[in-house]
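Asks: Contents are mmCIF, C-alpha atoms; file name protein_22.cif:
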data_structure
loop_
_atom_site.group_PDB
_atom_site.id
_atom_site.type_symbol
_atom_site.label_atom_id
_atom_site.label_comp_id
_atom_site.auth_asym_id
_atom_site.auth_seq_id
_atom_site.Cartn_x
_atom_site.Cartn_y
_atom_site.Cartn_z
ATOM 1 C CA MET A 11 -24.187 17.078 99.044
ATOM 2 C CA GLU A 12 -21.876 14.974 96.929
ATOM 3 C CA ILE A 13 -22.367 11.222 96.828
ATOM 4 C CA LYS A 14 -19.610 8.953 95.529
ATOM 5 C CA VAL A 15 -20.959 6.485 92.984
ATOM 6 C CA LEU A 16 -17.941 5.012 91.143
ATOM 7 C CA LYS A 17 -20.010 2.789 88.924
ATOM 8 C CA ASP A 18 -19.243 1.740 85.389
ATOM 9 C CA ILE A 19 -21.807 3.256 83.049
ATOM 10 C CA LEU A 20 -22.112 0.024 81.122
ATOM 11 C CA SER A 21 -22.383 -2.203 84.211
ATOM 12 C CA ALA A 22 -25.986 -3.157 83.385
ATOM 13 C CA ASN A 23 -24.829 -4.362 79.964
ATOM 14 C CA GLU A 24 -21.907 -6.223 81.555
ATOM 15 C CA GLN A 25 -24.283 -8.066 83.875
ATOM 16 C CA ILE A 26 -26.427 -9.319 81.004
ATOM 17 C CA ALA A 27 -23.286 -10.158 79.015
ATOM 18 C CA ARG A 28 -22.139 -12.393 81.894
ATOM 19 C CA LYS A 29 -25.505 -14.176 81.864
ATOM 20 C CA ASN A 30 -25.238 -14.679 78.111
ATOM 21 C CA ARG A 31 -21.802 -16.196 78.563
ATOM 22 C CA GLU A 32 -23.065 -18.569 81.256
ATOM 23 C CA LEU A 33 -25.888 -19.711 78.986
ATOM 24 C CA LEU A 34 -23.477 -20.247 76.084
ATOM 25 C CA VAL A 35 -20.989 -22.170 78.226
ATOM 26 C CA LYS A 36 -23.777 -24.318 79.678
ATOM 27 C CA ASN A 37 -24.816 -25.276 76.152
ATOM 28 C CA LYS A 38 -21.212 -25.746 74.991
ATOM 29 C CA VAL A 39 -21.510 -22.993 72.381
ATOM 30 C CA PHE A 40 -18.394 -21.040 71.386
ATOM 31 C CA SER A 41 -19.311 -17.513 70.284
ATOM 32 C CA VAL A 42 -17.592 -14.944 68.106
ATOM 33 C CA ASN A 43 -18.498 -11.255 67.865
ATOM 34 C CA ILE A 44 -17.636 -10.110 64.324
ATOM 35 C CA MET A 45 -17.256 -6.353 63.956
ATOM 36 C CA ALA A 46 -16.327 -4.138 61.004
ATOM 37 C CA SER A 47 -17.276 -1.039 59.096
ATOM 38 C CA PRO A 48 -20.169 -1.418 56.624
ATOM 39 C CA GLY A 49 -19.125 -3.360 53.542
ATOM 40 C CA ALA A 50 -15.847 -4.757 54.901
ATOM 41 C CA GLY A 51 -17.065 -8.315 54.436
ATOM 42 C CA LYS A 52 -18.615 -9.526 57.694
ATOM 43 C CA THR A 53 -21.350 -11.518 55.958
ATOM 44 C CA SER A 54 -18.847 -12.885 53.435
ATOM 45 C CA LEU A 55 -16.650 -14.036 56.332
ATOM 46 C CA VAL A 56 -19.648 -15.700 57.991
ATOM 47 C CA LEU A 57 -20.431 -17.522 54.730
ATOM 48 C CA GLN A 58 -16.792 -18.589 54.190
ATOM 49 C CA THR A 59 -16.616 -19.854 57.772
ATOM 50 C CA ILE A 60 -19.819 -21.845 57.318
ATOM 51 C CA ARG A 61 -18.449 -23.261 54.073
ATOM 52 C CA ALA A 62 -15.209 -24.335 55.763
ATOM 53 C CA LEU A 63 -16.580 -25.603 59.078
ATOM 54 C CA GLY A 64 -20.266 -26.255 58.511
ATOM 55 C CA LYS A 65 -19.823 -29.964 57.805
ATOM 56 C CA THR A 66 -18.013 -30.697 61.061
ATOM 57 C CA ILE A 67 -19.499 -28.132 63.443
ATOM 58 C CA LYS A 68 -23.110 -27.058 63.717
ATOM 59 C CA ILE A 69 -23.108 -23.278 63.287
ATOM 60 C CA GLY A 70 -25.703 -20.695 64.295
ATOM 61 C CA VAL A 71 -25.731 -17.044 63.272
ATOM 62 C CA ILE A 72 -27.053 -13.802 64.733
ATOM 63 C CA GLU A 73 -27.280 -10.980 62.216
ATOM 64 C CA GLY A 74 -27.295 -7.428 63.560
ATOM 65 C CA ASP A 75 -28.439 -4.593 61.326
ATOM 66 C CA ILE A 76 -30.134 -1.258 61.798
ATOM 67 C CA SER A 77 -32.844 -2.440 59.428
ATOM 68 C CA SER A 78 -33.668 -5.122 56.823
ATOM 69 C CA SER A 79 -33.230 -8.886 56.877
ATOM 70 C CA ILE A 80 -31.060 -9.069 53.746
ATOM 71 C CA ASP A 81 -28.114 -10.633 55.607
ATOM 72 C CA ALA A 82 -30.263 -13.156 57.463
ATOM 73 C CA GLN A 83 -31.789 -14.270 54.162
ATOM 74 C CA THR A 84 -28.329 -14.600 52.588
ATOM 75 C CA VAL A 85 -26.957 -16.600 55.512
ATOM 76 C CA GLY A 86 -30.157 -18.648 55.857
ATOM 77 C CA LYS A 87 -29.576 -19.981 52.333
ATOM 78 C CA ALA A 88 -26.408 -21.641 53.660
ATOM 79 C CA GLY A 89 -28.710 -23.867 55.720
ATOM 80 C CA VAL A 90 -27.868 -22.662 59.228
ATOM 81 C CA PRO A 91 -30.202 -21.382 61.951
ATOM 82 C CA VAL A 92 -30.143 -17.594 61.874
ATOM 83 C CA VAL A 93 -31.753 -14.821 63.911
ATOM 84 C CA GLN A 94 -31.942 -11.285 62.580
ATOM 85 C CA ILE A 95 -31.790 -8.421 65.063
ATOM 86 C CA ASN A 96 -32.970 -5.062 63.781
ATOM 87 C CA THR A 97 -31.663 -2.451 66.164
ATOM 88 C CA GLY A 98 -34.028 0.217 64.794
ATOM 89 C CA GLY A 99 -31.423 2.935 64.692
ATOM 90 C CA GLU A 100 -29.007 1.808 67.410
ATOM 91 C CA CYS A 101 -25.519 1.686 65.963
ATOM 92 C CA HIS A 102 -24.378 -1.443 67.826
ATOM 93 C CA LEU A 103 -25.600 -4.715 69.338
ATOM 94 C CA ASP A 104 -25.833 -4.895 73.116
ATOM 95 C CA ALA A 105 -26.021 -7.794 75.550
ATOM 96 C CA ASN A 106 -29.777 -7.458 75.995
ATOM 97 C CA MET A 107 -30.434 -7.878 72.261
ATOM 98 C CA ILE A 108 -28.237 -10.987 72.256
ATOM 99 C CA GLN A 109 -30.088 -12.409 75.268
ATOM 100 C CA ASN A 110 -33.337 -12.234 73.309
ATOM 101 C CA ALA A 111 -31.731 -13.710 70.201
ATOM 102 C CA LEU A 112 -30.250 -16.636 72.178
ATOM 103 C CA ASN A 113 -33.768 -17.591 73.251
ATOM 104 C CA ASN A 114 -34.614 -18.035 69.587
ATOM 105 C CA LEU A 115 -31.720 -20.300 68.629
ATOM 106 C CA PRO A 116 -31.449 -24.078 69.106
ATOM 107 C CA LEU A 117 -28.441 -23.688 71.453
ATOM 108 C CA LYS A 118 -28.271 -27.369 72.355
ATOM 109 C CA GLU A 119 -27.610 -28.243 68.720
ATOM 110 C CA ILE A 120 -25.083 -25.483 68.006
ATOM 111 C CA GLY A 121 -21.331 -25.679 68.593
ATOM 112 C CA LEU A 122 -20.323 -22.328 67.138
ATOM 113 C CA LEU A 123 -22.263 -19.061 67.173
ATOM 114 C CA LEU A 124 -21.224 -16.283 64.811
ATOM 115 C CA ILE A 125 -22.587 -12.863 65.767
ATOM 116 C CA GLU A 126 -22.411 -10.267 63.027
ATOM 117 C CA ASN A 127 -22.494 -6.845 64.650
ATOM 118 C CA VAL A 128 -23.813 -3.621 63.101
ATOM 119 C CA GLY A 129 -21.369 -2.122 60.600
ATOM 120 C CA ASN A 130 -19.509 0.478 62.667
ATOM 121 C CA LEU A 131 -15.947 0.811 63.977
ATOM 122 C CA VAL A 132 -16.795 2.929 67.020
ATOM 123 C CA CYS A 133 -19.756 1.880 69.170
ATOM 124 C CA PRO A 134 -19.682 -1.955 69.014
ATOM 125 C CA ALA A 135 -16.241 -1.853 70.684
ATOM 126 C CA GLU A 136 -17.862 -0.614 73.920
ATOM 127 C CA PHE A 137 -20.527 -3.273 74.350
ATOM 128 C CA ASN A 138 -19.624 -6.776 75.506
ATOM 129 C CA LEU A 139 -22.167 -9.331 74.377
ATOM 130 C CA GLY A 140 -20.910 -12.255 76.443
ATOM 131 C CA GLU A 141 -18.927 -13.581 73.485
ATOM 132 C CA HIS A 142 -15.806 -15.765 73.784
ATOM 133 C CA CYS A 143 -13.802 -13.808 71.254
ATOM 134 C CA LYS A 144 -13.975 -10.598 69.285
ATOM 135 C CA VAL A 145 -12.923 -10.371 65.676
ATOM 136 C CA LEU A 146 -12.545 -7.330 63.468
ATOM 137 C CA VAL A 147 -12.830 -7.463 59.700
ATOM 138 C CA ALA A 148 -10.801 -4.703 58.080
ATOM 139 C CA SER A 149 -10.625 -4.504 54.310
ATOM 140 C CA VAL A 150 -8.001 -3.319 51.861
ATOM 141 C CA PRO A 151 -10.053 -0.486 50.240
ATOM 142 C CA GLU A 152 -10.598 1.128 53.664
ATOM 143 C CA GLY A 153 -6.922 2.080 53.840
ATOM 144 C CA ASP A 154 -4.031 1.092 56.097
ATOM 145 C CA ASP A 155 -4.450 4.008 58.545
ATOM 146 C CA LYS A 156 -7.566 2.674 60.286
ATOM 147 C CA PRO A 157 -5.812 1.271 63.414
ATOM 148 C CA TYR A 158 -4.825 4.802 64.422
ATOM 149 C CA LYS A 159 -8.238 6.231 63.589
ATOM 150 C CA TYR A 160 -10.240 3.654 65.572
ATOM 151 C CA PRO A 161 -7.791 2.630 68.300
ATOM 152 C CA LEU A 162 -10.367 1.346 70.793
ATOM 153 C CA MET A 163 -11.739 -1.157 68.284
ATOM 154 C CA PHE A 164 -8.272 -2.365 67.311
ATOM 155 C CA THR A 165 -7.192 -2.786 70.949
ATOM 156 C CA THR A 166 -10.382 -4.640 71.894
ATOM 157 C CA VAL A 167 -10.212 -7.546 69.441
ATOM 158 C CA ASP A 168 -8.478 -10.944 69.549
ATOM 159 C CA ALA A 169 -8.064 -11.222 65.787
ATOM 160 C CA VAL A 170 -8.057 -8.924 62.775
ATOM 161 C CA ILE A 171 -9.119 -10.304 59.417
ATOM 162 C CA LEU A 172 -7.684 -8.254 56.573
ATOM 163 C CA ASN A 173 -10.216 -8.959 53.838
ATOM 164 C CA LYS A 174 -10.250 -8.269 50.085
ATOM 165 C CA THR A 175 -6.545 -9.022 49.607
ATOM 166 C CA ASP A 176 -7.422 -9.817 45.967
ATOM 167 C CA LEU A 177 -7.741 -6.029 45.520
ATOM 168 C CA LEU A 178 -4.177 -5.309 46.695
ATOM 169 C CA PRO A 179 -2.812 -4.844 43.138
ATOM 170 C CA TYR A 180 -5.410 -2.122 42.459
ATOM 171 C CA VAL A 181 -5.545 -0.204 45.747
ATOM 172 C CA LYS A 182 -2.966 1.864 47.580
ATOM 173 C CA PHE A 183 -2.636 -0.201 50.730
ATOM 174 C CA ASN A 184 0.579 -0.887 52.620
ATOM 175 C CA THR A 185 0.116 -4.265 54.326
ATOM 176 C CA GLU A 186 3.348 -3.914 56.274
ATOM 177 C CA ALA A 187 2.371 -0.485 57.644
ATOM 178 C CA PHE A 188 -1.078 -1.822 58.538
ATOM 179 C CA THR A 189 0.369 -4.856 60.355
ATOM 180 C CA ARG A 190 2.875 -2.685 62.219
ATOM 181 C CA ALA A 191 0.132 -0.281 63.331
ATOM 182 C CA VAL A 192 -2.201 -3.065 64.486
ATOM 183 C CA LYS A 193 0.554 -4.945 66.350
ATOM 184 C CA GLY A 194 1.811 -1.679 67.777
ATOM 185 C CA ILE A 195 -1.381 -0.981 69.709
ATOM 186 C CA ASN A 196 -2.364 -4.624 70.278
ATOM 187 C CA ALA A 197 0.686 -6.877 70.518
ATOM 188 C CA LYS A 198 -1.309 -10.085 71.155
ATOM 189 C CA VAL A 199 -3.690 -9.788 68.203
ATOM 190 C CA LYS A 200 -3.618 -12.316 65.346
ATOM 191 C CA ILE A 201 -3.842 -10.946 61.805
ATOM 192 C CA PHE A 202 -5.240 -13.022 58.947
ATOM 193 C CA PRO A 203 -4.996 -11.608 55.407
ATOM 194 C CA ILE A 204 -7.796 -13.253 53.431
ATOM 195 C CA SER A 205 -9.975 -12.863 50.387
ATOM 196 C CA CYS A 206 -13.557 -13.969 50.882
ATOM 197 C CA THR A 207 -13.975 -13.709 47.099
ATOM 198 C CA THR A 208 -11.202 -16.144 46.129
ATOM 199 C CA GLY A 209 -11.073 -18.060 49.415
ATOM 200 C CA GLU A 210 -7.360 -17.372 49.823
ATOM 201 C CA GLY A 211 -6.233 -17.328 53.459
ATOM 202 C CA VAL A 212 -9.563 -18.603 54.804
ATOM 203 C CA SER A 213 -7.994 -21.890 55.983
ATOM 204 C CA ALA A 214 -5.554 -20.078 58.329
ATOM 205 C CA TRP A 215 -8.420 -18.136 59.934
ATOM 206 C CA VAL A 216 -10.529 -21.275 60.334
ATOM 207 C CA LYS A 217 -7.587 -23.192 61.822
ATOM 208 C CA TRP A 218 -7.083 -20.459 64.415
ATOM 209 C CA LEU A 219 -10.803 -20.362 65.191
ATOM 210 C CA LYS A 220 -10.888 -24.132 65.733
ATOM 211 C CA GLY A 221 -7.888 -23.764 68.051
ATOM 212 C CA GLN A 222 -9.778 -21.158 70.103
ATOM 213 C CA MET A 223 -12.765 -23.481 70.449
ATOM 214 C CA LYS A 224 -10.741 -26.195 72.195
ATOM 215 C CA MET B 6 -22.975 7.701 67.990
ATOM 216 C CA HIS B 7 -23.684 5.494 71.001
ATOM 217 C CA GLU B 8 -24.243 8.436 73.353
ATOM 218 C CA LEU B 9 -27.979 7.821 73.736
ATOM 219 C CA ALA B 10 -27.431 4.244 74.976
ATOM 220 C CA ILE B 11 -24.674 5.456 77.270
ATOM 221 C CA THR B 12 -26.758 8.342 78.604
ATOM 222 C CA GLN B 13 -29.666 5.988 79.332
ATOM 223 C CA SER B 14 -27.431 3.554 81.254
ATOM 224 C CA MET B 15 -25.870 6.439 83.154
ATOM 225 C CA PHE B 16 -29.306 7.905 83.902
ATOM 226 C CA GLU B 17 -30.477 4.612 85.437
ATOM 227 C CA ILE B 18 -27.418 4.478 87.705
ATOM 228 C CA VAL B 19 -28.033 8.087 88.786
ATOM 229 C CA LEU B 20 -31.749 7.564 89.483
ATOM 230 C CA LYS B 21 -31.037 4.445 91.547
ATOM 231 C CA GLN B 22 -28.414 6.269 93.592
ATOM 232 C CA ALA B 23 -30.708 9.291 94.066
ATOM 233 C CA GLU B 24 -33.495 7.027 95.306
ATOM 234 C CA GLN B 25 -31.173 5.214 97.721
ATOM 235 C CA SER B 26 -29.975 8.562 99.066
ATOM 236 C CA LYS B 27 -33.551 9.876 99.234
ATOM 237 C CA ALA B 28 -32.465 12.903 97.214
ATOM 238 C CA LYS B 29 -35.088 15.489 96.254
ATOM 239 C CA LYS B 30 -33.054 16.792 93.390
ATOM 240 C CA VAL B 31 -29.933 15.785 91.498
ATOM 241 C CA THR B 32 -28.028 18.924 90.565
ATOM 242 C CA LYS B 33 -24.785 17.594 89.112
ATOM 243 C CA ILE B 34 -23.415 14.384 87.663
ATOM 244 C CA ASN B 35 -19.657 13.924 87.546
ATOM 245 C CA LEU B 36 -18.555 11.496 84.852
ATOM 246 C CA VAL B 37 -15.118 10.181 83.972
ATOM 247 C CA ILE B 38 -14.721 9.447 80.280
ATOM 248 C CA GLY B 39 -11.605 8.159 78.561
ATOM 249 C CA GLU B 40 -10.585 9.730 75.280
ATOM 250 C CA LEU B 41 -10.528 6.349 73.517
ATOM 251 C CA THR B 42 -14.214 5.676 74.149
ATOM 252 C CA GLY B 43 -15.164 8.184 71.462
ATOM 253 C CA VAL B 44 -18.043 9.404 73.627
ATOM 254 C CA VAL B 45 -18.970 13.011 72.842
ATOM 255 C CA SER B 46 -19.607 14.849 76.123
ATOM 256 C CA ASP B 47 -21.876 17.524 74.619
ATOM 257 C CA CYS B 48 -24.210 14.824 73.313
ATOM 258 C CA ILE B 49 -24.613 13.386 76.811
ATOM 259 C CA GLN B 50 -25.870 16.702 78.190
ATOM 260 C CA PHE B 51 -28.169 17.056 75.186
ATOM 261 C CA TYR B 52 -29.736 13.607 75.673
ATOM 262 C CA MET B 53 -29.830 14.035 79.434
ATOM 263 C CA ASP B 54 -31.886 17.238 79.077
ATOM 264 C CA ILE B 55 -34.473 15.233 77.150
ATOM 265 C CA ILE B 56 -34.672 12.010 79.145
ATOM 266 C CA SER B 57 -34.497 13.616 82.602
ATOM 267 C CA LYS B 58 -37.630 15.744 82.110
ATOM 268 C CA GLY B 59 -40.133 15.208 84.911
ATOM 269 C CA THR B 60 -37.629 13.330 87.111
ATOM 270 C CA VAL B 61 -35.487 14.314 90.125
ATOM 271 C CA ALA B 62 -32.648 14.872 87.664
ATOM 272 C CA GLU B 63 -34.452 17.443 85.501
ATOM 273 C CA GLY B 64 -32.107 20.326 84.681
ATOM 274 C CA VAL B 65 -29.050 18.419 85.955
ATOM 275 C CA ILE B 66 -25.616 19.571 84.854
ATOM 276 C CA VAL B 67 -23.366 16.841 83.494
ATOM 277 C CA LEU B 68 -19.685 17.469 84.143
ATOM 278 C CA VAL B 69 -17.155 15.326 82.327
ATOM 279 C CA LYS B 70 -13.610 14.694 83.445
ATOM 280 C CA SER B 71 -11.781 13.602 80.333
ATOM 281 C CA VAL B 72 -8.961 11.060 80.683
ATOM 282 C CA PRO B 73 -6.332 11.222 77.946
ATOM 283 C CA ALA B 74 -5.139 8.113 76.132
ATOM 284 C CA THR B 75 -1.964 6.810 77.751
ATOM 285 C CA ALA B 76 0.254 3.937 76.702
ATOM 286 C CA LYS B 77 3.114 1.934 78.120
ATOM 287 C CA CYS B 78 6.080 1.316 75.856
ATOM 288 C CA LEU B 79 6.799 -2.420 75.614
ATOM 289 C CA SER B 80 10.461 -1.667 74.940
ATOM 290 C CA CYS B 81 11.539 0.894 77.579
ATOM 291 C CA SER B 82 8.516 0.410 79.922
ATOM 292 C CA LYS B 83 7.896 4.155 80.190
ATOM 293 C CA THR B 84 4.296 5.402 80.263
ATOM 294 C CA PHE B 85 3.280 8.436 78.222
ATOM 295 C CA THR B 86 0.279 10.410 77.005
ATOM 296 C CA VAL B 87 -0.672 9.718 73.423
ATOM 297 C CA LYS B 88 -0.921 13.140 71.843
ATOM 298 C CA GLU B 89 -3.022 13.582 68.712
ATOM 299 C CA MET B 90 -3.187 9.807 68.296
ATOM 300 C CA GLU B 91 0.560 9.600 67.661
ATOM 301 C CA TRP B 92 1.093 5.985 68.787
ATOM 302 C CA LYS B 93 4.830 6.091 69.252
ATOM 303 C CA CYS B 94 6.985 6.127 72.394
ATOM 304 C CA PRO B 95 8.385 9.699 72.763
ATOM 305 C CA TYR B 96 11.382 8.330 74.716
ATOM 306 C CA CYS B 97 12.714 5.565 72.474
ATOM 307 C CA GLY B 98 10.610 5.734 69.288
ATOM 308 C CA GLU B 99 9.190 2.210 69.703
ATOM 309 C CA ILE B 100 5.669 1.581 68.357
ATOM 310 C CA SER B 101 4.937 -1.628 70.308
ATOM 311 C CA LEU B 102 2.705 -0.335 73.062
ATOM 312 C CA GLU B 103 0.123 -1.339 75.593
ATOM 313 C CA VAL B 104 -2.838 0.962 76.174
ATOM 314 C CA SER B 105 -2.810 1.931 79.868
ATOM 315 C CA GLY B 106 -5.487 4.617 80.050
ATOM 316 C CA GLY B 107 -8.265 6.269 78.091
ATOM 317 C CA LYS B 108 -10.909 3.527 78.181
ATOM 318 C CA GLU B 109 -12.630 4.797 81.364
ATOM 319 C CA LEU B 110 -16.382 5.267 81.362
ATOM 320 C CA PHE B 111 -17.967 5.638 84.788
ATOM 321 C CA VAL B 112 -20.088 7.787 87.100
ATOM 322 C CA GLU B 113 -17.732 9.211 89.705
ATOM 323 C CA SER B 114 -20.270 11.019 91.877
ATOM 324 C CA ILE B 115 -23.535 12.901 91.924
ATOM 325 C CA GLU B 116 -24.457 16.093 93.759
ATOM 326 C CA VAL B 117 -27.898 16.175 95.339
ATOM 327 C CA ASP B 118 -30.175 18.386 97.420
#
Would you put the structure from the file into structure tokens?
Replies:
Amino acid sequence: MEIKVLKDILSANEQIARKNRELLVKNKVFSVNIMASPGAGKTSLVLQTIRALGKTIKIGVIEGDISSSIDAQTVGKAGVPVVQINTGGECHLDANMIQNALNNLPLKEIGLLLIENVGNLVCPAEFNLGEHCKVLVASVPEGDDKPYKYPLMFTTVDAVILNKTDLLPYVKFNTEAFTRAVKGINAKVKIFPISCTTGEGVSAWVKWLKGQMK
Amino acid sequence: MHELAITQSMFEIVLKQAEQSKAKKVTKINLVIGELTGVVSDCIQFYMDIISKGTVAEGVIVLVKSVPATAKCLSCSKTFTVKEMEWKCPYCGEISLEVSGGKELFVESIEVD
């Protein structure tokens, strides 16, 4: 006997994600899910964002890694509340992990929550966390063909940060081709070329982020 | 890479449905998976064999209906299948597109005894 089910496989995750969102909205916290491949500059972006906005907005951070608390220690030095999630092998954060982390953050005091996902361009794209916006950090040394190699990730996000632009003179990377590819599969996405090392372009990203929070 | 998490979520949906239907055995699971999800079908069967041991779904066969990536051209409005990740409208050559299919990930039905 065949029984129709027609149920989204990730519906359990979606349910928890909705609860997370309700909790965040109730506490007036705007949340950003930052995704990227390992080493693209997620932590550097978190630090630059704290540097630029930390004086006017109270920021909290969730660090997702398979193991270690290196990132949480780095971010903690910037003087913000931080929770480290060790996924113990899972290649992405899911809504349930975030639910637990939210219980360990002073949500009433925070205005902006930055969630650094596990370094991976595939799996994190599937799992909603309850976040208000999704951001992808791509970096110049990764090459300009990534939008076509990881299309789901590039179509899922609201903004793409193109990091490490200070390396453009030394790396074969066609910014125009990259922009065309990203816009081609996600017409609404905003692209911000920045260098977390020199700080160039950070102000445009921060301005956009502040606009989203309103 | 995320197949284990996906298989576990899928397994819970199947078990719940089997219980509701008072099924003695689940023999087949029909899934619909979009090409863009990057989910490897073979891995799902592999994980399912392990996690279903000792349950009504032990030995179940997982069948996957794959949905190709499709896109709508924002210039000529035609919809087409994206072949080999060539993100370009085959009718007018435009590259400004909107993804219209390939993100599916759901349990369509189960077959039970």
Asks: Report as a ChimeraX atom specification the full result of the PyMOL selection byres ((chain B) within 10 of (chain A)) when it is applied to this structure.
Replies: /B:6-19,22-23,26,28,31-38,40-44,74,76-79,89-93,99-104,107-118
Asks: Which distance in Å separates CA of Ala46 in chain A and CA of Asn173 in chain A, to one decimal?
Replies: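 That distance, rounded to one decimal, is 10.6 Å.
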Asks: Have a look at CA of Val147 in chain A and CA of Leu172 in chain A and let me know their distance in Å, one decimal.
Replies: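 We find that CA of Val147 in chain A and CA of Leu172 in chain A lie 6.1 Å from each other.
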Asks: Produce the centre coordinates and the three edge lengths, each in Å to one decimal, of the box along x, y and z that contains all listed atoms of range 84-94 of chain A with 6 Å added on each side, as lines of an AutoDock Vina configuration file.
Replies:
center_x = -29.2
center_y = -17.6
center_z = 58.1
size_x = 17.5
size_y = 24.6
size_z = 23.6
Asks: Leaving out range 40-44 of chain A and any residue of its chain fewer than 2 positions from it, which residues lie within 6 Å of it when counting all atoms listed in the file, given as a ChimeraX atom specification?
Replies: /A:122-127,141-146
Asks: What is the CA of Arg31 in chain A-CA of Asn113 in chain A distance in Å, reported with one decimal?
Replies: 13.2 Å
Asks: Report the residues retrieved by the PyMOL selection byres ((chain A and resi 140) around 8) from the displayed file, expressed as JSON, numbers by chain.
Replies: {"A": [24, 26, 27, 28, 29, 30, 31, 105, 138, 139, 141, 142]}
Asks: Can you pull out the residues contacting Leu115 in chain A? Cut-off 9 Å, using all atoms listed in the file, and skip same-chain residues under 3 positions away; I want them as a VMD selection string.
Replies: chain A and resid 70 to 72 91 to 93 111 to 112 118 to 120
Asks: Produce a file of the selected residues containing C-alpha atoms, as a compact mmCIF listing (two decimals), in the coordinates of the input.
Replies:
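The file below, part08.txt, is the result:
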# COMPACT_ATOMS: atom_id res chain seq x y z
CA GLY A 70 -25.70 -20.70 64.30
CA VAL A 71 -25.73 -17.04 63.27
CA ILE A 72 -27.05 -13.80 64.73
CA PRO A 91 -30.20 -21.38 61.95
CA VAL A 92 -30.14 -17.59 61.87
CA VAL A 93 -31.75 -14.82 63.91
CA ALA A 111 -31.73 -13.71 70.20
CA LEU A 112 -30.25 -16.64 72.18
CA LYS A 118 -28.27 -27.37 72.36
CA GLU A 119 -27.61 -28.24 68.72
CA ILE A 120 -25.08 -25.48 68.01
Asks: Using only C-alpha atoms, can you tell me which of A:Leu55, A:Ile108, A:Ile95, A:Leu103 comes closest to Leu33 in chain A?
Replies: A:Ile108
Asks: From the set A:Asp155, A:Gln58, A:Leu34, A:Gly99, which residue has the shortest atom-to-atom contact distance to Thr207 in chain A, counting only C-alpha atoms?
Replies: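 Checking each of A:Asp155, A:Gln58, A:Leu34, A:Gly99 against Thr207 in chain A, counting only C-alpha atoms, the winner is A:Gln58.
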Asks: Name the residues, using the chain letters and numbers of the file, that sit within 12 Å of (-17.7, -24.4, 59.5) when counting all atoms listed in the file, and give them as a PDB file with C-alpha atoms, in the coordinates of the input.
Replies:
ATOM      1  CA  LEU A  55     -16.650 -14.036  56.332  1.00  0.00           C
ATOM      2  CA  VAL A  56     -19.648 -15.700  57.991  1.00  0.00           C
ATOM      3  CA  LEU A  57     -20.431 -17.522  54.730  1.00  0.00           C
ATOM      4  CA  GLN A  58     -16.792 -18.589  54.190  1.00  0.00           C
ATOM      5  CA  THR A  59     -16.616 -19.854  57.772  1.00  0.00           C
ATOM      6  CA  ILE A  60     -19.819 -21.845  57.318  1.00  0.00           C
ATOM      7  CA  ARG A  61     -18.449 -23.261  54.073  1.00  0.00           C
ATOM      8  CA  ALA A  62     -15.209 -24.335  55.763  1.00  0.00           C
ATOM      9  CA  LEU A  63     -16.580 -25.603  59.078  1.00  0.00           C
ATOM     10  CA  GLY A  64     -20.266 -26.255  58.511  1.00  0.00           C
ATOM     11  CA  LYS A  65     -19.823 -29.964  57.805  1.00  0.00           C
ATOM     12  CA  THR A  66     -18.013 -30.697  61.061  1.00  0.00           C
ATOM     13  CA  ILE A  67     -19.499 -28.132  63.443  1.00  0.00           C
ATOM     14  CA  LYS A  68     -23.110 -27.058  63.717  1.00  0.00           C
ATOM     15  CA  ILE A  69     -23.108 -23.278  63.287  1.00  0.00           C
ATOM     16  CA  GLY A  70     -25.703 -20.695  64.295  1.00  0.00           C
ATOM     17  CA  VAL A  71     -25.731 -17.044  63.272  1.00  0.00           C
ATOM     18  CA  ALA A  88     -26.408 -21.641  53.660  1.00  0.00           C
ATOM     19  CA  GLY A  89     -28.710 -23.867  55.720  1.00  0.00           C
ATOM     20  CA  VAL A  90     -27.868 -22.662  59.228  1.00  0.00           C
ATOM     21  CA  ILE A 120     -25.083 -25.483  68.006  1.00  0.00           C
ATOM     22  CA  GLY A 121     -21.331 -25.679  68.593  1.00  0.00           C
ATOM     23  CA  LEU A 122     -20.323 -22.328  67.138  1.00  0.00           C
ATOM     24  CA  LEU A 123     -22.263 -19.061  67.173  1.00  0.00           C
ATOM     25  CA  LEU A 124     -21.224 -16.283  64.811  1.00  0.00           C
ATOM     26  CA  VAL A 212      -9.563 -18.603  54.804  1.00  0.00           C
ATOM     27  CA  SER A 213      -7.994 -21.890  55.983  1.00  0.00           C
ATOM     28  CA  TRP A 215      -8.420 -18.136  59.934  1.00  0.00           C
ATOM     29  CA  VAL A 216     -10.529 -21.275  60.334  1.00  0.00           C
ATOM     30  CA  LYS A 217      -7.587 -23.192  61.822  1.00  0.00           C
ATOM     31  CA  LEU A 219     -10.803 -20.362  65.191  1.00  0.00           C
ATOM     32  CA  LYS A 220     -10.888 -24.132  65.733  1.00  0.00           C
TER      33      LYS A 220
END
Asks: Could you tell me which residues the PyMOL selection byres ((chain B and resi 55-64) around 7) grabs in this file, written as a VMD selection string?
Replies: chain B and resid 29 to 32 51 to 54 65 to 66
